[in-house]
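Asks: Mind having a look at this structure? Questions to follow.
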Amino acid sequence: CAMRSNPSIFVILGLVALTHLSACDKKAEKTTAQNATKMAQTATSAANEPTVVNASLVTLTQQQDVLMLSGTTRARHRAKLTFNISGYLQGRHYNVGDSLKKGQVLAQLKTSQLQPGADMANAKVAELTAQLEQLDRDTARVERLVAQQAASREELEQVKSGRDRLRAGLNAAQAQVRESKSFLQDAVLTAPFNGTVQEVYFENGEFVPPGTPVLVLAGSDGIEVEVPAGATVLQAC
C-alpha cells in the first residue's frame with residue numbers, strides 16, 4: 001500500500017529543530033559571556049598588581065683633563081756631602097751605585113796633623129786636673145791653719161789665687177780637647193740617611209778643599225719628577 005505524508009509530523013520536527021537551535025545559541029552566548037567576564041577579571045587583577053622596576057644609582061663624575069708632560073726623575077732626598085775642613089782624602093769606602101745605611105762612614109781625611117793636637121790637649125787636661133786636686137787639698141789645709149791662727153790670711157789668698165788660675169787653665173785645655181774632637185769628627189763623612197751613592201768627585205790621596213762636594217747621596221725613600229713650568233703648563237693649570 002502507498003504511504004501518505006502527514007503534514008503534522010513535519011510541523012513537529014520543525015519546532016523541535018528550532019528549539020534545539022535556540023538552546024544551542026543561548027548556551028554559546030552564555031559561554032561567550034563567561035569568557036568575557038574571566039578576561040575582564042584577569043585584566044583588572046593584572047592592572048592592580050605592582051610593577052617591579054630595577055633601580056640603579058646614578059653618580060655624576062667630572063672628566064679629568066689629561067696633560068702629557070716630559071720631565072726628569074730624581075730621588076726625593078739628595079745630598080752633596082762636604083768636609084768642613086781641608087785635607088787629603090784617606091779613605092772613600094763606597095763607589096757609584098753602592099747602597100748604604102744611615103750613619104755609615106762614607107769617606108775620611110788624613111788626621112796625621114789633627115790627632116797629635118788632640119792627644120796633647122787630652123794630656124794637658126789630665127795634668128791640670130791632677131794639679132787642681134792638689135791645690136784643693138792645699139787650700140783646705142791652709143784654711144785649717146788660719147782657723148788655728150797658724151797661717152795668715154795672705155797665705156790663704158795666695159793659695160786660692162793659684163787654684164783659680166789653674167782652674168782657668170784647665171777650662172781652656174778642656175775647650176781645646178772639644179775643638180780637637182770636633183776637627184776629628186769633621187774629618188769623617190757619614191751618611192745622613194739611607195740611600196745610594198750617585199756621584200763621586202774625589203779619589204783617595206787627592207786634596208779636598210773645605211765645602212767642596214765629595215760625593216752625592218740619593219735617598220731610597222722615593223722619587224720625584226722635575227717638570228719645566230713653561231707658559232703652556234701654567235695656562236693648563
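Following the order of the C-alpha cells, chains are lettered A, B, ..., residues in each are numbered from 1, and ligands are numbered from 1.
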Please provide as a ChimeraX atom specification all residues within 8 Å of stretch 206-215 of chain A, with the sequence filter that same-chain residues fewer than 3 positions apart are discarded (counting only C-alpha atoms).
Replies: /A:80-89,197-203
Asks: Find the spatial neighbours of A:Gln115, counting only C-alpha atoms, within a cut-off of 12 Å - ignore same-chain residues fewer than 6 positions away - and output them as a list in words.
Replies: Leu109, Ala121, Asn122, Val177, Glu179, Ser180, Lys181, Ser182, Phe183, Leu184, Gln185 and Ala187 of chain A
Asks: Restricting it to N, CA, C and O atoms, dump the selection as a PDB file, in the first residue's frame.
Replies:
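Final output, part31.pdb:
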ATOM      1  N   LEU A 109     139.278  62.081  55.935  1.00  0.00           N
ATOM      2  CA  LEU A 109     140.532  62.746  55.608  1.00  0.00           C
ATOM      3  C   LEU A 109     141.651  62.220  56.491  1.00  0.00           C
ATOM      4  O   LEU A 109     141.408  61.631  57.559  1.00  0.00           O
ATOM      5  N   ALA A 121     146.151  67.848  73.897  1.00  0.00           N
ATOM      6  CA  ALA A 121     145.103  68.506  74.676  1.00  0.00           C
ATOM      7  C   ALA A 121     144.577  67.588  75.763  1.00  0.00           C
ATOM      8  O   ALA A 121     144.346  68.023  76.905  1.00  0.00           O
ATOM      9  N   ASN A 122     144.405  66.311  75.448  1.00  0.00           N
ATOM     10  CA  ASN A 122     143.942  65.359  76.468  1.00  0.00           C
ATOM     11  C   ASN A 122     144.960  65.207  77.585  1.00  0.00           C
ATOM     12  O   ASN A 122     144.601  65.138  78.777  1.00  0.00           O
ATOM     13  N   VAL A 177     140.366  70.374  73.913  1.00  0.00           N
ATOM     14  CA  VAL A 177     140.010  68.974  73.671  1.00  0.00           C
ATOM     15  C   VAL A 177     138.719  68.886  72.855  1.00  0.00           C
ATOM     16  O   VAL A 177     138.624  68.104  71.904  1.00  0.00           O
ATOM     17  N   GLU A 179     137.552  71.108  70.832  1.00  0.00           N
ATOM     18  CA  GLU A 179     137.842  71.567  69.475  1.00  0.00           C
ATOM     19  C   GLU A 179     138.545  70.489  68.668  1.00  0.00           C
ATOM     20  O   GLU A 179     138.250  70.287  67.479  1.00  0.00           O
ATOM     21  N   SER A 180     139.477  69.801  69.310  1.00  0.00           N
ATOM     22  CA  SER A 180     140.192  68.723  68.615  1.00  0.00           C
ATOM     23  C   SER A 180     139.246  67.603  68.226  1.00  0.00           C
ATOM     24  O   SER A 180     139.320  67.059  67.111  1.00  0.00           O
ATOM     25  N   LYS A 181     138.324  67.268  69.113  1.00  0.00           N
ATOM     26  CA  LYS A 181     137.333  66.242  68.791  1.00  0.00           C
ATOM     27  C   LYS A 181     136.445  66.682  67.630  1.00  0.00           C
ATOM     28  O   LYS A 181     136.089  65.878  66.754  1.00  0.00           O
ATOM     29  N   SER A 182     136.109  67.981  67.612  1.00  0.00           N
ATOM     30  CA  SER A 182     135.284  68.493  66.528  1.00  0.00           C
ATOM     31  C   SER A 182     136.017  68.393  65.197  1.00  0.00           C
ATOM     32  O   SER A 182     135.429  68.021  64.171  1.00  0.00           O
ATOM     33  N   PHE A 183     137.325  68.712  65.205  1.00  0.00           N
ATOM     34  CA  PHE A 183     138.106  68.599  63.969  1.00  0.00           C
ATOM     35  C   PHE A 183     138.153  67.146  63.491  1.00  0.00           C
ATOM     36  O   PHE A 183     138.039  66.871  62.289  1.00  0.00           O
ATOM     37  N   LEU A 184     138.327  66.246  64.429  1.00  0.00           N
ATOM     38  CA  LEU A 184     138.391  64.833  64.052  1.00  0.00           C
ATOM     39  C   LEU A 184     137.049  64.358  63.502  1.00  0.00           C
ATOM     40  O   LEU A 184     136.994  63.553  62.564  1.00  0.00           O
ATOM     41  N   GLN A 185     135.969  64.845  64.079  1.00  0.00           N
ATOM     42  CA  GLN A 185     134.654  64.473  63.570  1.00  0.00           C
ATOM     43  C   GLN A 185     134.405  65.075  62.190  1.00  0.00           C
ATOM     44  O   GLN A 185     133.774  64.449  61.334  1.00  0.00           O
ATOM     45  N   ALA A 187     136.508  65.441  59.984  1.00  0.00           N
ATOM     46  CA  ALA A 187     137.330  64.729  59.002  1.00  0.00           C
ATOM     47  C   ALA A 187     136.687  63.431  58.540  1.00  0.00           C
ATOM     48  O   ALA A 187     137.281  62.682  57.756  1.00  0.00           O
TER      49      ALA A 187
END
Asks: What is the atom CA of A:Arg137 to atom CA of A:Arg165 distance in Å?
Replies: 15.6 Å
Asks: Find the residue from A:Val188, A:Gln176, A:Arg141, A:Ala126 that sits nearest to A:Thr111; use only C-alpha atoms when measuring.
Replies: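 So, comparing all the options, the nearest one is A:Val188.
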Asks: Provide the atom CA of A:Val105 to atom CA of A:Ala173 distance in Å, to one decimal place.
Replies: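 Taking atom CA of A:Val105 as the start and atom CA of A:Ala173 as the end point, the length is 29.0 Å.
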Asks: Run DSSP on the backbone of this structure and report the residues of stretch 52-191 of chain A it assigns to strand (DSSP E or B), as a CSV table (one decimal) with all heavy atoms, in the first residue's frame.
Replies:
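This went into part.csv:
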chain,number,residue,atom,x,y,z
A,72,THR,N,112.1,65.1,34.4
A,72,THR,CA,113.3,64.3,34.8
A,72,THR,C,113.0,63.7,36.2
A,72,THR,O,112.6,64.5,37.1
A,72,THR,CB,114.6,65.2,34.9
A,72,THR,OG1,114.8,65.8,33.6
A,72,THR,CG2,115.8,64.4,35.3
A,73,THR,N,113.2,62.4,36.4
A,73,THR,CA,113.0,61.8,37.6
A,73,THR,C,114.3,61.9,38.5
A,73,THR,O,115.4,61.8,37.9
A,73,THR,CB,112.6,60.3,37.5
A,73,THR,OG1,113.7,59.6,36.8
A,73,THR,CG2,111.3,60.2,36.7
A,74,ARG,N,114.1,62.1,39.8
A,74,ARG,CA,115.3,62.1,40.7
A,74,ARG,C,114.8,61.7,42.0
A,74,ARG,O,113.6,61.6,42.3
A,74,ARG,CB,115.9,63.5,40.7
A,74,ARG,CG,114.9,64.6,41.3
A,74,ARG,CD,115.6,66.0,41.3
A,74,ARG,NE,114.7,66.9,41.9
A,74,ARG,CZ,115.0,68.2,42.0
A,74,ARG,NH1,116.1,68.7,41.4
A,74,ARG,NH2,114.2,69.1,42.6
A,75,ALA,N,115.8,61.4,42.9
A,75,ALA,CA,115.5,61.0,44.2
A,75,ALA,C,114.9,62.1,45.0
A,75,ALA,O,115.2,63.3,44.8
A,75,ALA,CB,116.7,60.5,45.0
A,78,ARG,N,118.3,64.2,48.2
A,78,ARG,CA,119.6,64.2,47.6
A,78,ARG,C,120.5,65.1,48.5
A,78,ARG,O,120.1,66.1,48.9
A,78,ARG,CB,119.7,64.6,46.1
A,78,ARG,CG,118.9,63.7,45.2
A,78,ARG,CD,118.9,64.2,43.8
A,78,ARG,NE,120.2,64.0,43.1
A,78,ARG,CZ,121.0,65.0,42.8
A,78,ARG,NH1,120.7,66.3,43.1
A,78,ARG,NH2,122.1,64.8,42.1
A,79,ALA,N,121.8,64.7,48.7
A,79,ALA,CA,122.7,65.5,49.5
A,79,ALA,C,124.1,65.4,48.8
A,79,ALA,O,124.6,64.3,48.5
A,79,ALA,CB,122.7,64.9,50.9
A,80,LYS,N,124.6,66.6,48.7
A,80,LYS,CA,126.1,66.7,48.3
A,80,LYS,C,126.9,66.9,49.6
A,80,LYS,O,126.8,67.9,50.3
A,80,LYS,CB,126.3,67.9,47.4
A,80,LYS,CG,125.6,67.8,46.0
A,80,LYS,CD,126.0,69.0,45.1
A,80,LYS,CE,125.4,68.8,43.7
A,80,LYS,NZ,125.7,69.9,42.9
A,81,LEU,N,127.6,65.8,49.9
A,81,LEU,CA,128.3,65.8,51.2
A,81,LEU,C,129.7,66.4,51.1
A,81,LEU,O,130.5,66.1,50.1
A,81,LEU,CB,128.4,64.3,51.7
A,81,LEU,CG,127.1,63.6,51.8
A,81,LEU,CD1,127.3,62.2,52.2
A,81,LEU,CD2,126.2,64.3,52.7
A,82,THR,N,130.0,67.3,52.0
A,82,THR,CA,131.3,68.0,52.0
A,82,THR,C,132.0,67.9,53.4
A,82,THR,O,131.3,67.6,54.4
A,82,THR,CB,131.1,69.5,51.7
A,82,THR,OG1,130.3,70.1,52.8
A,82,THR,CG2,130.3,69.7,50.4
A,87,GLY,N,141.9,68.8,53.6
A,87,GLY,CA,142.8,67.7,53.9
A,87,GLY,C,142.9,66.8,52.7
A,87,GLY,O,142.2,66.9,51.7
A,88,TYR,N,143.7,65.8,52.9
A,88,TYR,CA,143.9,64.7,51.8
A,88,TYR,C,142.9,63.6,52.1
A,88,TYR,O,142.8,63.1,53.3
A,88,TYR,CB,145.3,64.3,51.7
A,88,TYR,CG,146.3,65.3,51.2
A,88,TYR,CD1,146.9,66.2,52.1
A,88,TYR,CD2,146.5,65.5,49.8
A,88,TYR,CE1,147.8,67.1,51.6
A,88,TYR,CE2,147.3,66.4,49.3
A,88,TYR,CZ,148.0,67.3,50.2
A,88,TYR,OH,148.8,68.2,49.7
A,89,LEU,N,142.3,63.2,51.1
A,89,LEU,CA,141.3,62.1,51.2
A,89,LEU,C,142.0,60.8,51.5
A,89,LEU,O,142.9,60.3,50.7
A,89,LEU,CB,140.5,61.9,50.0
A,89,LEU,CG,139.2,61.0,50.0
A,89,LEU,CD1,138.2,61.5,51.1
A,89,LEU,CD2,138.6,60.9,48.7
A,90,GLN,N,141.8,60.2,52.6
A,90,GLN,CA,142.5,59.0,53.0
A,90,GLN,C,141.7,57.7,52.7
A,90,GLN,O,142.2,56.7,52.4
A,90,GLN,CB,142.8,59.0,54.5
A,90,GLN,CG,143.5,57.8,55.0
A,90,GLN,CD,143.8,57.9,56.5
A,90,GLN,OE1,143.2,58.7,57.2
A,90,GLN,NE2,144.8,57.2,57.0
A,91,GLY,N,140.4,57.8,52.8
A,91,GLY,CA,139.5,56.6,52.5
A,91,GLY,C,138.2,57.0,52.0
A,91,GLY,O,137.5,57.8,52.6
A,92,ARG,N,137.8,56.5,50.8
A,92,ARG,CA,136.5,56.6,50.3
A,92,ARG,C,136.0,55.1,50.1
A,92,ARG,O,136.4,54.4,49.3
A,92,ARG,CB,136.5,57.3,48.9
A,92,ARG,CG,135.0,57.4,48.4
A,92,ARG,CD,135.0,58.3,47.1
A,92,ARG,NE,135.9,57.9,46.1
A,92,ARG,CZ,135.6,56.9,45.3
A,92,ARG,NH1,134.5,56.2,45.4
A,92,ARG,NH2,136.5,56.5,44.3
A,99,SER,N,124.8,50.8,47.9
A,99,SER,CA,123.8,51.1,48.9
A,99,SER,C,124.4,51.2,50.3
A,99,SER,O,125.3,50.4,50.6
A,99,SER,CB,122.6,50.2,48.8
A,99,SER,OG,122.0,50.2,47.5
A,100,LEU,N,123.8,52.0,51.1
A,100,LEU,CA,124.3,52.1,52.5
A,100,LEU,C,123.2,52.6,53.4
A,100,LEU,O,122.1,52.9,53.0
A,100,LEU,CB,125.5,53.1,52.5
A,100,LEU,CG,125.3,54.4,51.7
A,100,LEU,CD1,124.7,55.5,52.6
A,100,LEU,CD2,126.7,54.9,51.2
A,105,VAL,N,130.1,55.2,57.6
A,105,VAL,CA,131.2,56.1,57.2
A,105,VAL,C,131.4,56.0,55.7
A,105,VAL,O,131.6,54.9,55.1
A,105,VAL,CB,132.5,55.8,57.9
A,105,VAL,CG1,133.6,56.7,57.4
A,105,VAL,CG2,132.3,56.0,59.4
A,106,LEU,N,131.3,57.2,55.0
A,106,LEU,CA,131.5,57.2,53.6
A,106,LEU,C,132.9,57.5,53.1
A,106,LEU,O,133.5,56.9,52.2
A,106,LEU,CB,130.6,58.3,53.0
A,106,LEU,CG,129.1,58.2,53.3
A,106,LEU,CD1,128.3,59.3,52.7
A,106,LEU,CD2,128.6,56.8,52.7
A,107,ALA,N,133.5,58.5,53.8
A,107,ALA,CA,134.9,58.9,53.5
A,107,ALA,C,135.5,59.6,54.7
A,107,ALA,O,134.8,60.1,55.6
A,107,ALA,CB,134.9,59.8,52.2
A,108,GLN,N,136.8,59.7,54.7
A,108,GLN,CA,137.5,60.4,55.7
A,108,GLN,C,138.8,61.0,55.3
A,108,GLN,O,139.4,60.5,54.3
A,108,GLN,CB,137.8,59.5,56.9
A,108,GLN,CG,138.6,58.3,56.6
A,108,GLN,CD,138.7,57.3,57.7
A,108,GLN,OE1,137.7,57.1,58.4
A,108,GLN,NE2,139.8,56.7,57.9
A,109,LEU,N,139.3,62.1,55.9
A,109,LEU,CA,140.5,62.7,55.6
A,109,LEU,C,141.7,62.2,56.5
A,109,LEU,O,141.4,61.6,57.6
A,109,LEU,CB,140.4,64.3,55.8
A,109,LEU,CG,139.3,65.0,55.0
A,109,LEU,CD1,139.3,66.4,55.4
A,109,LEU,CD2,139.6,64.8,53.5
A,188,VAL,N,135.5,63.2,59.0
A,188,VAL,CA,134.8,61.9,58.7
A,188,VAL,C,133.4,62.3,58.1
A,188,VAL,O,132.6,63.1,58.7
A,188,VAL,CB,134.6,61.0,59.9
A,188,VAL,CG1,133.8,59.7,59.5
A,188,VAL,CG2,136.0,60.7,60.5
A,189,LEU,N,133.1,61.7,57.0
A,189,LEU,CA,131.7,61.9,56.4
A,189,LEU,C,130.9,60.6,56.6
A,189,LEU,O,131.3,59.5,56.4
A,189,LEU,CB,131.8,62.1,54.8
A,189,LEU,CG,132.2,63.5,54.3
A,189,LEU,CD1,132.2,63.5,52.8
A,189,LEU,CD2,131.3,64.5,54.9
A,190,THR,N,129.7,60.9,57.2
A,190,THR,CA,128.8,59.8,57.4
A,190,THR,C,127.5,60.0,56.7
A,190,THR,O,127.1,61.1,56.3
A,190,THR,CB,128.5,59.6,58.9
A,190,THR,OG1,127.9,60.9,59.4
A,190,THR,CG2,129.7,59.3,59.7
Asks: Hey, what does DSSP flag as helix (DSSP H, G or I) within stretch 86-170 of chain A? Can you give it to me as a PyMOL selection string?
Replies: chain A and resi 114-147+153-170
Asks: Could you tell me how far atom CA of A:Phe193 sits from atom CA of A:Gly103, in Å to one decimal place?
Replies: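 Pair atom CA of A:Gly103 / atom CA of A:Phe193 returns 7.3 Å.
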Asks: Neighbours of A:Val146 within 9 Å (only C-alpha atoms; same-chain residues fewer than 5 positions away dropped), as a PyMOL selection string?
Replies: chain A and resi 141+151-153+155-156
